[in-house]
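Undergrad: Sending over target-v2.cif (mmCIF, C-alpha atoms).
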```cif
data_run
loop_
_atom_site.label_atom_id
_atom_site.label_comp_id
_atom_site.auth_asym_id
_atom_site.auth_seq_id
_atom_site.Cartn_x
_atom_site.Cartn_y
_atom_site.Cartn_z
CA MET A 1 0.00 0.00 0.00
CA LYS A 2 1.20 3.54 -0.77
CA LEU A 3 0.00 5.54 2.19
CA VAL A 4 0.13 9.22 3.21
CA ILE A 5 -0.14 10.03 6.92
CA ILE A 6 -0.94 13.62 7.87
CA SER A 7 -0.26 14.42 11.51
CA PHE A 8 0.10 18.06 12.56
CA THR A 9 2.59 17.03 15.25
CA PHE A 10 5.21 14.43 14.43
CA PRO A 11 8.86 13.85 15.41
CA PRO A 12 11.25 15.58 15.49
CA LYS A 13 8.71 18.25 16.45
CA ALA A 14 8.11 18.03 20.18
CA GLY A 15 4.65 17.19 21.45
CA VAL A 16 2.73 14.15 22.66
CA GLY A 17 0.34 14.45 19.69
CA GLY A 18 2.92 12.86 17.41
CA ARG A 19 3.45 9.77 19.48
CA ARG A 20 0.59 7.60 18.18
CA TRP A 21 1.57 8.14 14.56
CA ALA A 22 5.31 7.87 15.06
CA LYS A 23 4.62 4.34 16.32
CA PHE A 24 2.06 3.32 13.69
CA ALA A 25 4.16 4.74 10.84
CA LYS A 26 7.10 2.70 12.07
CA TRP A 27 5.08 -0.53 12.17
CA PHE A 28 3.39 0.09 8.81
CA ARG A 29 6.84 0.40 7.25
CA LYS A 30 8.12 -2.70 9.05
CA LYS A 31 5.25 -4.59 7.44
CA GLY A 32 6.39 -3.53 3.98
CA HIS A 33 4.17 -0.55 3.19
CA ASP A 34 5.31 2.68 1.52
CA VAL A 35 4.63 5.48 4.00
CA VAL A 36 5.05 9.24 3.58
CA VAL A 37 4.29 11.62 6.46
CA LEU A 38 3.16 15.23 6.06
CA THR A 39 3.57 17.27 9.23
CA SER A 40 3.79 20.92 10.25
CA LEU A 41 7.10 22.70 9.82
CA SER A 42 9.21 22.62 12.94
CA LYS A 43 12.24 24.68 13.90
CA GLN A 44 12.50 22.77 17.16
CA GLY A 45 13.72 19.28 17.86
CA GLY A 46 13.77 17.15 20.94
CA SER A 47 10.79 14.86 20.55
CA PRO A 48 11.43 11.81 22.75
CA TRP A 49 10.05 9.59 19.97
CA SER A 50 12.47 10.78 17.29
CA SER A 51 14.17 7.37 17.33
CA ASP A 52 11.02 5.88 15.75
CA ILE A 53 11.62 7.84 12.55
CA GLU A 54 15.39 7.49 12.25
CA ASP A 55 15.26 5.10 9.30
CA PHE A 56 12.72 7.01 7.21
CA LYS A 57 13.50 10.69 7.74
CA GLU A 58 13.53 11.17 3.97
CA ASN A 59 9.84 10.18 3.90
CA ILE A 60 8.80 12.96 6.31
CA ILE A 61 7.78 16.22 4.65
CA SER A 62 7.62 19.32 6.86
CA VAL A 63 4.89 21.60 5.55
CA GLU A 64 4.75 25.33 6.15
CA GLN A 65 2.27 26.63 8.75
CA PRO A 66 0.13 29.78 8.47
CA LEU A 67 1.55 32.64 10.53
CA LEU A 68 -1.45 33.62 12.70
CA PRO A 69 -2.25 30.17 14.17
CA SER A 70 1.47 29.67 14.79
CA ILE A 71 1.62 32.81 16.93
CA ILE A 72 -1.34 31.87 19.14
CA SER A 73 -0.23 28.24 19.50
CA SER A 74 2.50 29.14 21.98
CA ILE A 75 2.29 30.89 25.34
CA PRO A 76 3.69 34.45 25.09
CA LYS A 77 6.33 35.41 27.67
CA THR A 78 7.85 38.74 26.66
CA PHE A 79 5.93 42.00 26.21
CA LEU A 80 6.47 41.91 22.44
CA GLN A 81 5.27 38.29 22.24
CA LYS A 82 2.13 39.22 24.17
CA VAL A 83 1.39 42.11 21.80
CA LYS A 84 1.82 39.83 18.76
CA TYR A 85 -0.32 37.16 20.42
CA HIS A 86 -3.26 39.48 21.07
CA ILE A 87 -3.12 40.99 17.59
CA ALA A 88 -3.01 37.50 16.03
CA LEU A 89 -5.86 36.32 18.27
CA PHE A 90 -8.01 39.29 17.26
CA LEU A 91 -7.36 38.62 13.57
CA MET A 92 -8.08 34.90 13.98
CA MET A 93 -11.40 35.66 15.65
CA LYS A 94 -12.33 37.81 12.65
CA MET A 95 -11.10 35.28 10.08
CA GLU A 96 -12.37 32.00 11.56
CA ASN A 97 -16.08 31.47 12.34
CA GLY A 98 -15.44 28.31 14.34
CA ASN A 99 -12.60 27.52 16.72
CA TYR A 100 -10.09 30.34 16.32
CA TYR A 101 -7.60 28.49 18.56
CA ASP A 102 -7.24 25.65 16.02
CA ALA A 103 -3.58 25.54 14.96
CA SER A 104 -4.42 24.02 11.56
CA VAL A 105 -6.59 26.86 10.23
CA GLY A 106 -5.26 27.68 6.75
CA TRP A 107 -2.78 24.78 6.74
CA SER A 108 -4.56 22.81 4.01
CA LYS A 109 -3.51 25.23 1.26
CA PHE A 110 0.11 24.28 1.98
CA LEU A 111 -0.77 20.58 2.00
CA ARG A 112 -2.61 20.57 -1.34
CA PRO A 113 0.44 20.67 -3.68
CA HIS A 114 2.11 17.86 -1.74
CA LEU A 115 -0.99 15.69 -1.99
CA LYS A 116 -1.31 16.34 -5.73
CA GLU A 117 2.32 15.35 -6.26
CA LEU A 118 1.99 12.22 -4.11
CA ARG A 119 -1.19 11.21 -5.95
CA SER A 120 0.65 11.45 -9.25
CA SER A 121 3.36 9.23 -7.74
CA GLY A 122 0.83 6.47 -7.07
CA TYR A 123 -0.15 7.05 -3.45
CA THR A 124 -3.73 5.91 -2.91
CA HIS A 125 -4.65 6.32 0.77
CA VAL A 126 -4.57 9.28 3.16
CA VAL A 127 -4.90 9.05 6.94
CA ALA A 128 -5.37 12.49 8.54
CA SER A 129 -5.15 12.67 12.31
CA GLY A 130 -6.83 15.12 14.66
CA GLY A 131 -6.59 17.25 16.67
CA PRO A 132 -6.15 19.87 15.60
CA PHE A 133 -9.25 19.38 13.47
CA HIS A 134 -9.91 22.28 11.10
CA TYR A 135 -7.63 21.03 8.31
CA LEU A 136 -9.54 17.73 8.11
CA LEU A 137 -12.40 19.50 6.37
CA ALA A 138 -10.31 20.71 3.42
CA ILE A 139 -8.28 17.49 3.24
CA SER A 140 -11.45 15.39 3.01
CA GLU A 141 -12.55 17.51 0.04
CA ILE A 142 -9.11 17.45 -1.62
CA CYS A 143 -9.07 13.66 -1.34
CA LYS A 144 -12.44 13.43 -3.10
CA GLU A 145 -11.14 15.71 -5.84
CA LEU A 146 -7.95 13.62 -6.31
CA ASN A 147 -9.69 10.25 -5.92
CA LEU A 148 -7.72 9.38 -2.78
CA ARG A 149 -9.18 7.09 -0.13
CA PHE A 150 -9.60 9.26 2.97
CA VAL A 151 -9.49 7.97 6.55
CA SER A 152 -10.03 10.38 9.45
CA ASP A 153 -8.26 9.34 12.64
CA PHE A 154 -9.24 10.86 16.00
CA ARG A 155 -6.76 10.83 18.85
CA ASP A 156 -9.07 13.20 20.71
CA PRO A 157 -12.79 14.02 20.71
CA TRP A 158 -13.72 16.91 18.39
CA THR A 159 -16.75 19.06 19.19
CA ASN A 160 -17.55 17.20 22.42
CA ASN A 161 -14.00 17.80 23.70
CA LYS A 162 -13.99 19.29 27.20
CA THR A 163 -10.28 19.01 27.95
CA SER A 164 -8.27 20.62 25.18
CA PHE A 165 -8.23 22.65 21.95
CA GLY A 166 -10.51 25.33 23.46
CA TYR A 167 -13.85 23.66 22.69
CA SER A 168 -15.20 24.00 26.21
CA GLU A 169 -14.90 27.79 25.91
CA LEU A 170 -16.47 28.29 22.46
CA SER A 171 -19.68 30.26 22.10
CA ALA A 172 -22.77 28.33 21.03
CA LYS A 173 -22.61 29.96 17.58
CA ARG A 174 -18.99 28.97 17.00
CA LEU A 175 -19.61 25.45 18.31
CA ILE A 176 -22.37 24.97 15.73
CA VAL A 177 -19.89 25.92 12.99
CA GLU A 178 -17.46 23.29 14.31
CA GLN A 179 -20.22 20.68 14.47
CA GLN A 180 -21.05 21.38 10.84
CA LYS A 181 -17.39 20.86 9.87
CA GLU A 182 -17.29 17.65 11.87
CA ALA A 183 -20.38 16.29 10.11
CA VAL A 184 -18.91 17.02 6.65
CA VAL A 185 -15.61 15.33 7.52
CA ILE A 186 -17.40 12.23 8.80
CA GLY A 187 -19.55 12.15 5.66
CA ASN A 188 -16.50 12.47 3.38
CA SER A 189 -14.48 9.78 5.21
CA ASP A 190 -14.15 6.31 3.74
CA ALA A 191 -13.41 5.13 7.27
CA VAL A 192 -13.41 6.82 10.67
CA ILE A 193 -11.03 5.51 13.32
CA SER A 194 -11.09 6.58 16.96
CA VAL A 195 -8.73 5.84 19.80
CA ALA A 196 -11.50 4.82 22.22
CA GLN A 197 -14.86 3.08 21.94
CA PRO A 198 -16.90 5.93 23.52
CA MET A 199 -15.55 8.21 20.78
CA THR A 200 -16.57 5.66 18.15
CA ASP A 201 -20.02 5.41 19.73
CA TYR A 202 -20.38 9.18 19.39
CA PHE A 203 -19.35 9.19 15.71
CA GLN A 204 -21.72 6.32 14.96
CA SER A 205 -24.56 8.72 15.65
CA PHE A 206 -23.74 10.19 12.22
CA GLY A 207 -24.87 6.90 10.62
CA ASN A 208 -23.35 4.14 8.43
CA GLU A 209 -21.95 2.07 11.30
CA LYS A 210 -19.72 -0.07 9.08
CA LYS A 211 -17.18 2.69 8.52
CA PHE A 212 -16.55 3.43 12.19
CA HIS A 213 -13.75 1.58 14.02
CA THR A 214 -11.78 1.72 17.26
CA ILE A 215 -8.01 1.26 17.25
CA ILE A 216 -6.68 1.93 20.73
CA ASN A 217 -3.20 3.10 21.69
CA GLY A 218 -0.60 0.45 22.40
CA TYR A 219 2.91 -0.36 23.53
CA ASP A 220 5.80 -1.03 21.19
CA SER A 221 6.92 -4.63 21.60
CA ASP A 222 10.37 -3.65 20.29
CA GLU A 223 10.90 -1.66 23.47
CA VAL A 224 9.62 -4.10 26.08
CA SER A 225 12.79 -6.20 26.08
CA SER A 226 14.85 -3.17 27.08
CA LEU A 227 12.96 -2.73 30.35
CA VAL A 228 14.98 -3.27 33.50
CA SER A 229 13.65 -4.21 36.93
CA GLY A 230 14.42 -3.03 40.39
CA THR A 231 13.16 -2.79 43.93
CA SER A 232 12.98 -0.11 46.58
CA MET A 233 12.61 -0.36 50.34
CA LYS A 234 10.01 2.39 50.12
CA LEU A 235 6.77 2.20 48.13
CA ARG A 236 7.85 3.88 44.90
CA LEU A 237 5.06 5.64 42.95
CA VAL A 238 5.75 6.96 39.44
CA PHE A 239 3.84 9.14 37.00
CA VAL A 240 5.19 9.45 33.44
CA GLY A 241 3.64 11.71 30.81
CA THR A 242 1.79 15.02 30.53
CA LEU A 243 -0.16 16.14 33.59
CA TYR A 244 -3.04 18.03 31.98
CA ASN A 245 -4.31 21.27 33.48
CA LYS A 246 -7.90 19.99 33.45
CA ALA A 247 -6.78 17.35 35.97
CA LEU A 248 -5.38 19.98 38.35
CA GLN A 249 -8.13 19.46 40.91
CA HIS A 250 -7.17 15.78 41.07
CA VAL A 251 -3.54 16.77 41.62
CA HIS A 252 -4.62 18.99 44.53
CA ALA A 253 -6.59 16.09 46.01
CA PHE A 254 -3.55 13.81 45.64
CA ARG A 255 -1.34 16.34 47.39
CA ASP A 256 -3.87 16.73 50.23
CA ALA A 257 -4.02 12.94 50.54
CA LEU A 258 -0.29 12.79 51.25
CA ASP A 259 -0.85 14.89 54.40
CA LEU A 260 -3.33 12.28 55.66
CA ILE A 261 -0.81 9.41 55.48
CA GLU A 262 0.91 8.90 58.81
CA ASN A 263 3.83 6.88 57.45
CA ILE A 264 4.50 9.15 54.46
CA GLU A 265 8.24 8.57 54.94
CA GLN A 266 7.60 5.06 53.57
CA PHE A 267 6.53 6.55 50.21
CA GLU A 268 8.71 7.80 47.38
CA ILE A 269 6.80 9.62 44.63
CA HIS A 270 8.24 10.64 41.25
CA PHE A 271 6.74 12.72 38.42
CA TYR A 272 8.31 12.67 34.94
CA GLY A 273 7.04 14.83 32.09
CA GLU A 274 5.26 18.12 31.49
CA MET A 275 3.01 19.90 33.98
CA THR A 276 1.77 23.41 34.68
CA GLU A 277 3.48 25.68 37.19
CA GLN A 278 0.39 25.35 39.40
CA ALA A 279 0.71 21.58 39.48
CA ARG A 280 4.45 21.80 40.11
CA SER A 281 4.13 24.19 43.05
CA THR A 282 1.34 22.07 44.54
CA LEU A 283 3.30 18.81 44.35
CA GLU A 284 6.68 20.27 45.35
CA SER A 285 5.24 21.26 48.73
CA SER A 286 5.42 17.59 49.80
CA SER A 287 8.77 16.20 50.91
CA ALA A 288 7.77 12.80 49.46
CA VAL A 289 7.50 14.13 45.90
CA ARG A 290 10.30 14.47 43.34
CA ILE A 291 9.66 16.28 40.04
CA HIS A 292 12.03 15.44 37.20
CA GLY A 293 10.53 17.29 34.23
CA THR A 294 10.78 15.99 30.67
CA VAL A 295 13.39 13.24 30.33
CA PRO A 296 14.64 10.99 27.50
CA VAL A 297 12.47 7.98 26.68
CA SER A 298 15.09 5.58 28.04
CA LYS A 299 15.05 7.31 31.44
CA ALA A 300 11.25 7.39 31.53
CA ARG A 301 11.19 3.69 30.70
CA ASP A 302 13.66 2.93 33.46
CA ALA A 303 11.54 4.97 35.90
CA ILE A 304 8.52 2.81 35.07
CA ALA A 305 10.58 -0.35 35.48
CA MET A 306 11.78 0.73 38.93
CA ALA A 307 8.25 1.62 40.13
CA ASP A 308 6.13 -0.36 42.56
CA LEU A 309 3.03 1.49 41.35
CA CYS A 310 2.33 3.72 38.32
CA MET A 311 -0.24 6.51 38.38
CA LEU A 312 -2.82 7.92 35.98
CA PHE A 313 -4.72 11.18 36.53
CA LEU A 314 -7.72 11.22 34.16
CA THR A 315 -9.79 14.31 33.41
CA ASP A 316 -13.52 14.00 34.08
CA ASP A 317 -14.44 13.68 30.38
CA LEU A 318 -11.77 11.07 29.58
CA THR A 319 -12.37 8.41 32.20
CA TYR A 320 -12.33 5.87 29.36
CA SER A 321 -8.78 6.72 28.27
CA PHE A 322 -6.20 3.99 27.63
CA SER A 323 -3.36 6.40 26.96
CA THR A 324 0.05 5.44 25.67
CA LYS A 325 1.43 5.74 29.20
CA PHE A 326 -1.24 3.31 30.40
CA CYS A 327 -0.06 0.86 27.72
CA GLU A 328 3.56 1.27 28.76
CA TYR A 329 2.65 0.60 32.38
CA VAL A 330 0.90 -2.57 31.21
CA ALA A 331 3.87 -3.59 29.04
CA ALA A 332 6.07 -3.42 32.14
CA SER A 333 3.46 -5.37 34.20
CA LYS A 334 3.26 -2.52 36.71
CA PRO A 335 0.26 -2.07 39.02
CA ILE A 336 -1.70 1.05 38.06
CA LEU A 337 -3.43 3.53 40.33
CA VAL A 338 -6.17 5.34 38.37
CA ILE A 339 -7.24 8.60 40.00
CA SER A 340 -10.45 9.75 38.33
CA GLN A 341 -14.19 9.82 38.47
CA ALA A 342 -15.82 6.43 37.88
CA GLY A 343 -15.26 5.18 34.35
CA ILE A 344 -14.06 2.46 31.98
CA THR A 345 -10.35 2.73 32.78
CA GLY A 346 -10.76 2.43 36.54
CA ASP A 347 -13.17 -0.47 36.11
CA TYR A 348 -10.75 -2.19 33.74
CA VAL A 349 -7.76 -2.19 36.10
CA GLU A 350 -9.86 -3.47 39.00
CA GLU A 351 -11.68 -6.11 36.94
CA HIS A 352 -8.37 -7.51 35.68
CA ARG A 353 -6.64 -6.99 39.05
CA ILE A 354 -3.77 -5.04 37.49
CA GLY A 355 -4.22 -2.08 39.81
CA CYS A 356 -6.86 -0.06 41.61
CA HIS A 357 -9.08 2.95 41.16
CA SER A 358 -9.58 5.90 43.48
CA LEU A 359 -12.08 8.69 43.27
CA PRO A 360 -10.31 12.07 43.09
CA ASP A 361 -10.71 13.23 46.66
CA ALA A 362 -8.11 13.29 49.41
CA GLN A 363 -9.79 10.79 51.74
CA ALA A 364 -10.31 8.20 48.99
CA ILE A 365 -6.77 8.57 47.64
CA SER A 366 -5.19 8.29 51.10
CA ARG A 367 -7.22 5.13 51.79
CA SER A 368 -6.06 3.65 48.48
CA LEU A 369 -2.41 4.46 49.18
CA ASN A 370 -2.61 3.02 52.70
CA ASP A 371 -4.25 -0.15 51.37
CA ILE A 372 -1.61 -0.48 48.66
CA HIS A 373 1.17 -0.04 51.20
CA SER A 374 -0.24 -2.67 53.55
CA GLU A 375 -1.03 -5.16 50.75
CA ARG A 376 1.95 -4.38 48.56
CA LYS A 377 2.38 -7.87 47.17
CA GLN A 378 -1.30 -8.22 46.24
CA VAL A 379 -1.62 -5.07 44.14
CA GLY A 380 -1.34 -6.03 40.50
CA ALA A 381 -1.52 -9.75 41.24
CA GLY A 382 -3.72 -10.20 38.18
CA TYR A 383 -0.73 -9.75 35.87
CA ASP A 384 0.04 -13.44 36.35
CA LYS A 385 -2.93 -14.26 34.11
CA PHE A 386 -3.35 -10.98 32.23
CA ASP A 387 -3.06 -11.05 28.42
CA SER A 388 -1.68 -7.70 27.28
CA SER A 389 -1.71 -8.56 23.56
CA GLU A 390 -4.73 -6.31 22.92
CA PHE A 391 -2.36 -3.38 23.58
CA ASN A 392 0.48 -4.68 21.38
CA LEU A 393 1.18 -2.15 18.62
CA GLU A 394 2.24 -4.78 16.11
CA ARG A 395 -1.19 -6.44 16.41
CA LEU A 396 -2.96 -3.06 16.35
CA ALA A 397 -1.03 -2.09 13.21
CA ASP A 398 -2.34 -5.23 11.47
CA MET A 399 -5.89 -4.30 12.46
CA TYR A 400 -5.39 -0.74 11.20
CA LEU A 401 -3.94 -1.89 7.88
CA ASP A 402 -6.87 -4.26 7.36
CA ILE A 403 -9.28 -1.33 7.75
CA LEU A 404 -7.23 0.78 5.31
CA GLU A 405 -7.15 -1.96 2.70
CA ASN A 406 -10.94 -2.26 2.84
CA ALA A 407 -11.73 1.45 3.07
#
```
Just dump the structure as structure tokens.
TA:
Amino acid sequence: MKLVIISFTFPPKAGVGGRRWAKFAKWFRKKGHDVVVLTSLSKQGGSPWSSDIEDFKENIISVEQPLLPSIISSIPKTFLQKVKYHIALFLMMKMENGNYYDASVGWSKFLRPHLKELRSSGYTHVVASGGPFHYLLAISEICKELNLRFVSDFRDPWTNNKTSFGYSELSAKRLIVEQQKEAVVIGNSDAVISVAQPMTDYFQSFGNEKKFHTIINGYDSDEVSSLVSGTSMKLRLVFVGTLYNKALQHVHAFRDALDLIENIEQFEIHFYGEMTEQARSTLESSSAVRIHGTVPVSKARDAIAMADLCMLFLTDDLTYSFSTKFCEYVAASKPILVISQAGITGDYVEEHRIGCHSLPDAQAISRSLNDIHSERKQVGAGYDKFDSSEFNLERLADMYLDILENA
């Protein structure tokens, strides 16, 4: 198959949004398919998943971004940056009737010549991943024009997104515009693939159930063998990944829970990855917590391997999330503590006895941590019989390719 993947974020550009497709692109190529990636132009490096694309850098095309969305996609720090940001935001609000925070507004005009050239070179399928989402509308129409099979892939919810991309703050009028775009994209798609079943259920409300599929995130089996193991006299808790601002109230509850634990000196708690300054200042106030920031993949992997318990903080609208970090915890057979409202993920870890779930309040979290400490050997006991193959990326890549071939 000659396949074009369009992912706004992709290594070497930093950002967790490129992780899913860095992995799938790697496995598609390993299975003999011809893959080209179109991604937004990056002047920055440092993505921790850059190693996934080492052997096909020549197949990654960095495409220019429009100026205005680029300006408002980063947090301004200096006075001049703030002035430019507010001017760009004002102009975006005038130019875009829907979500003016969408970083892909106007990007499709830069993608069009690349798609025309690739079509003439025999490429037949396009997978476009969101968010951001705006560019999917134009790409779906370009694909119809060029007779390309078009598959829309959703790493995140679109118009029912309450966590990111600014959708929770849109006016009713602007949200309707976004919903209209979403409906057109779904109608133009030969297949629609979501990262979680509740997202697929939502898209199925648009009709034609046969074209909707769920392909979850997974772990890379190539990396599992490199995991090391270790032990600690203390109960070692580890979080690896991005700590989202919408989960800040859960972070506060976790911090308050630590004050309720009498033997807190028996706990050692490590956070690796990105977080807001608010989250950092909250967590740093506990002597049991160590914050390491963003680290290389190898160090993050070693941190997971050395953990007694790995943590997930899920926002209230994503309690069904099986994130990549969840999959990596599973790959390392590490017990998982899910801190969230009731939902699919918490139920899953308890049903399979590979961890436990706690509601996001201080009393509940402290009880969970005390129970884990006193029954340390029992937490995660279900791994002895747990089959993690449903999260294996090689298997998921086969499922994805089967959908593409039949789209």
Undergrad: Starting from the displayed file, determine the output of the PyMOL selection byres ((chain A and resi 118-134) around 8) and express the residue list as a PyMOL selection string.
TA: chain A and resi 1-8+102-105+114-117+135-139+143+146-156+158+165+181+404
Undergrad: On this structure, which residues satisfy the PyMOL selection byres ((chain A and resi 395) around 12), written as a PyMOL selection string?
TA: chain A and resi 24+27-28+31+215-221+388-394+396-402
Undergrad: Written as a short mmCIF file (atom, residue, chain, number, x, y, z; two decimals) with C-alpha atoms, keeping the file's coordinate frame, what is the full residue list that the PyMOL selection byres ((chain A and resi 73) around 10) yields on the file shown?
TA:
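Ended up saving to result-v1.cif:
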```cif
data_model
loop_
_atom_site.label_atom_id
_atom_site.label_comp_id
_atom_site.auth_asym_id
_atom_site.auth_seq_id
_atom_site.Cartn_x
_atom_site.Cartn_y
_atom_site.Cartn_z
CA LEU A 68 -1.45 33.62 12.70
CA PRO A 69 -2.25 30.17 14.17
CA SER A 70 1.47 29.67 14.79
CA ILE A 71 1.62 32.81 16.93
CA ILE A 72 -1.34 31.87 19.14
CA SER A 74 2.50 29.14 21.98
CA ILE A 75 2.29 30.89 25.34
CA PRO A 76 3.69 34.45 25.09
CA TYR A 85 -0.32 37.16 20.42
CA LEU A 89 -5.86 36.32 18.27
CA TYR A 101 -7.60 28.49 18.56
CA ASP A 102 -7.24 25.65 16.02
CA ALA A 103 -3.58 25.54 14.96
CA SER A 104 -4.42 24.02 11.56
#
```
Undergrad: Which residue gives the smallest distance to Leu170 of chain A among A:Leu80, A:Asn99, A:Glu268, A:Leu243, with only C-alpha atoms counted?
TA: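 Of the candidates, the smallest distance to Leu170 of chain A is held by A:Asn99.
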Undergrad: Do a neighbour search on segment 349-360 of chain A at 9 Å with all atoms listed in the file, toss out local chain neighbours closer than 4 positions, and write the hits as a ChimeraX atom specification.
TA: /A:249-251,253-254,309-310,313,330,333-342,344-345,364-365,367-368,372,379-383,385-386
Undergrad: Okay, now the selection with C-alpha atoms, as a PDB file, keeping the file's coordinate frame?
TA:
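For reference, again01.pdb as written:
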```pdb
ATOM      1  CA  GLN A 249      -8.130  19.460  40.910  1.00  0.00           C
ATOM      2  CA  HIS A 250      -7.170  15.780  41.070  1.00  0.00           C
ATOM      3  CA  VAL A 251      -3.540  16.770  41.620  1.00  0.00           C
ATOM      4  CA  ALA A 253      -6.590  16.090  46.010  1.00  0.00           C
ATOM      5  CA  PHE A 254      -3.550  13.810  45.640  1.00  0.00           C
ATOM      6  CA  LEU A 309       3.030   1.490  41.350  1.00  0.00           C
ATOM      7  CA  CYS A 310       2.330   3.720  38.320  1.00  0.00           C
ATOM      8  CA  PHE A 313      -4.720  11.180  36.530  1.00  0.00           C
ATOM      9  CA  VAL A 330       0.900  -2.570  31.210  1.00  0.00           C
ATOM     10  CA  SER A 333       3.460  -5.370  34.200  1.00  0.00           C
ATOM     11  CA  LYS A 334       3.260  -2.520  36.710  1.00  0.00           C
ATOM     12  CA  PRO A 335       0.260  -2.070  39.020  1.00  0.00           C
ATOM     13  CA  ILE A 336      -1.700   1.050  38.060  1.00  0.00           C
ATOM     14  CA  LEU A 337      -3.430   3.530  40.330  1.00  0.00           C
ATOM     15  CA  VAL A 338      -6.170   5.340  38.370  1.00  0.00           C
ATOM     16  CA  ILE A 339      -7.240   8.600  40.000  1.00  0.00           C
ATOM     17  CA  SER A 340     -10.450   9.750  38.330  1.00  0.00           C
ATOM     18  CA  GLN A 341     -14.190   9.820  38.470  1.00  0.00           C
ATOM     19  CA  ALA A 342     -15.820   6.430  37.880  1.00  0.00           C
ATOM     20  CA  ILE A 344     -14.060   2.460  31.980  1.00  0.00           C
ATOM     21  CA  THR A 345     -10.350   2.730  32.780  1.00  0.00           C
ATOM     22  CA  ALA A 364     -10.310   8.200  48.990  1.00  0.00           C
ATOM     23  CA  ILE A 365      -6.770   8.570  47.640  1.00  0.00           C
ATOM     24  CA  ARG A 367      -7.220   5.130  51.790  1.00  0.00           C
ATOM     25  CA  SER A 368      -6.060   3.650  48.480  1.00  0.00           C
ATOM     26  CA  ILE A 372      -1.610  -0.480  48.660  1.00  0.00           C
ATOM     27  CA  VAL A 379      -1.620  -5.070  44.140  1.00  0.00           C
ATOM     28  CA  GLY A 380      -1.340  -6.030  40.500  1.00  0.00           C
ATOM     29  CA  ALA A 381      -1.520  -9.750  41.240  1.00  0.00           C
ATOM     30  CA  GLY A 382      -3.720 -10.200  38.180  1.00  0.00           C
ATOM     31  CA  TYR A 383      -0.730  -9.750  35.870  1.00  0.00           C
ATOM     32  CA  LYS A 385      -2.930 -14.260  34.110  1.00  0.00           C
ATOM     33  CA  PHE A 386      -3.350 -10.980  32.230  1.00  0.00           C
TER      34      PHE A 386
END
```
Undergrad: Quick one: segment 302-314 of chain A with N, CA and C atoms, as a short mmCIF file (atom, residue, chain, number, x, y, z; two decimals), in the coordinates of the input?
TA:
```cif
data_model
loop_
_atom_site.label_atom_id
_atom_site.label_comp_id
_atom_site.auth_asym_id
_atom_site.auth_seq_id
_atom_site.Cartn_x
_atom_site.Cartn_y
_atom_site.Cartn_z
N ASP A 302 13.00 3.46 32.27
CA ASP A 302 13.66 2.93 33.46
C ASP A 302 12.89 3.31 34.73
N ALA A 303 12.33 4.53 34.74
CA ALA A 303 11.54 4.97 35.90
C ALA A 303 10.33 4.08 36.09
N ILE A 304 9.67 3.73 34.99
CA ILE A 304 8.52 2.81 35.07
C ILE A 304 8.97 1.45 35.60
N ALA A 305 10.08 0.97 35.08
CA ALA A 305 10.58 -0.35 35.48
C ALA A 305 10.92 -0.41 36.96
N MET A 306 11.38 0.70 37.53
CA MET A 306 11.78 0.73 38.93
C MET A 306 10.60 0.99 39.87
N ALA A 307 9.41 1.26 39.32
CA ALA A 307 8.25 1.62 40.13
C ALA A 307 7.60 0.41 40.78
N ASP A 308 7.02 0.63 41.95
CA ASP A 308 6.13 -0.36 42.56
C ASP A 308 4.69 -0.13 42.09
N LEU A 309 4.39 1.12 41.74
CA LEU A 309 3.03 1.49 41.35
C LEU A 309 3.12 2.67 40.39
N CYS A 310 2.36 2.62 39.29
CA CYS A 310 2.33 3.72 38.32
C CYS A 310 0.97 4.41 38.37
N MET A 311 0.98 5.72 38.18
CA MET A 311 -0.24 6.51 38.38
C MET A 311 -0.78 7.09 37.08
N LEU A 312 -2.11 7.21 37.04
CA LEU A 312 -2.82 7.92 35.98
C LEU A 312 -3.77 8.93 36.62
N PHE A 313 -3.75 10.17 36.13
CA PHE A 313 -4.72 11.18 36.53
C PHE A 313 -5.59 11.48 35.30
N LEU A 314 -6.85 11.06 35.32
CA LEU A 314 -7.72 11.22 34.16
C LEU A 314 -8.69 12.38 34.37
#
```
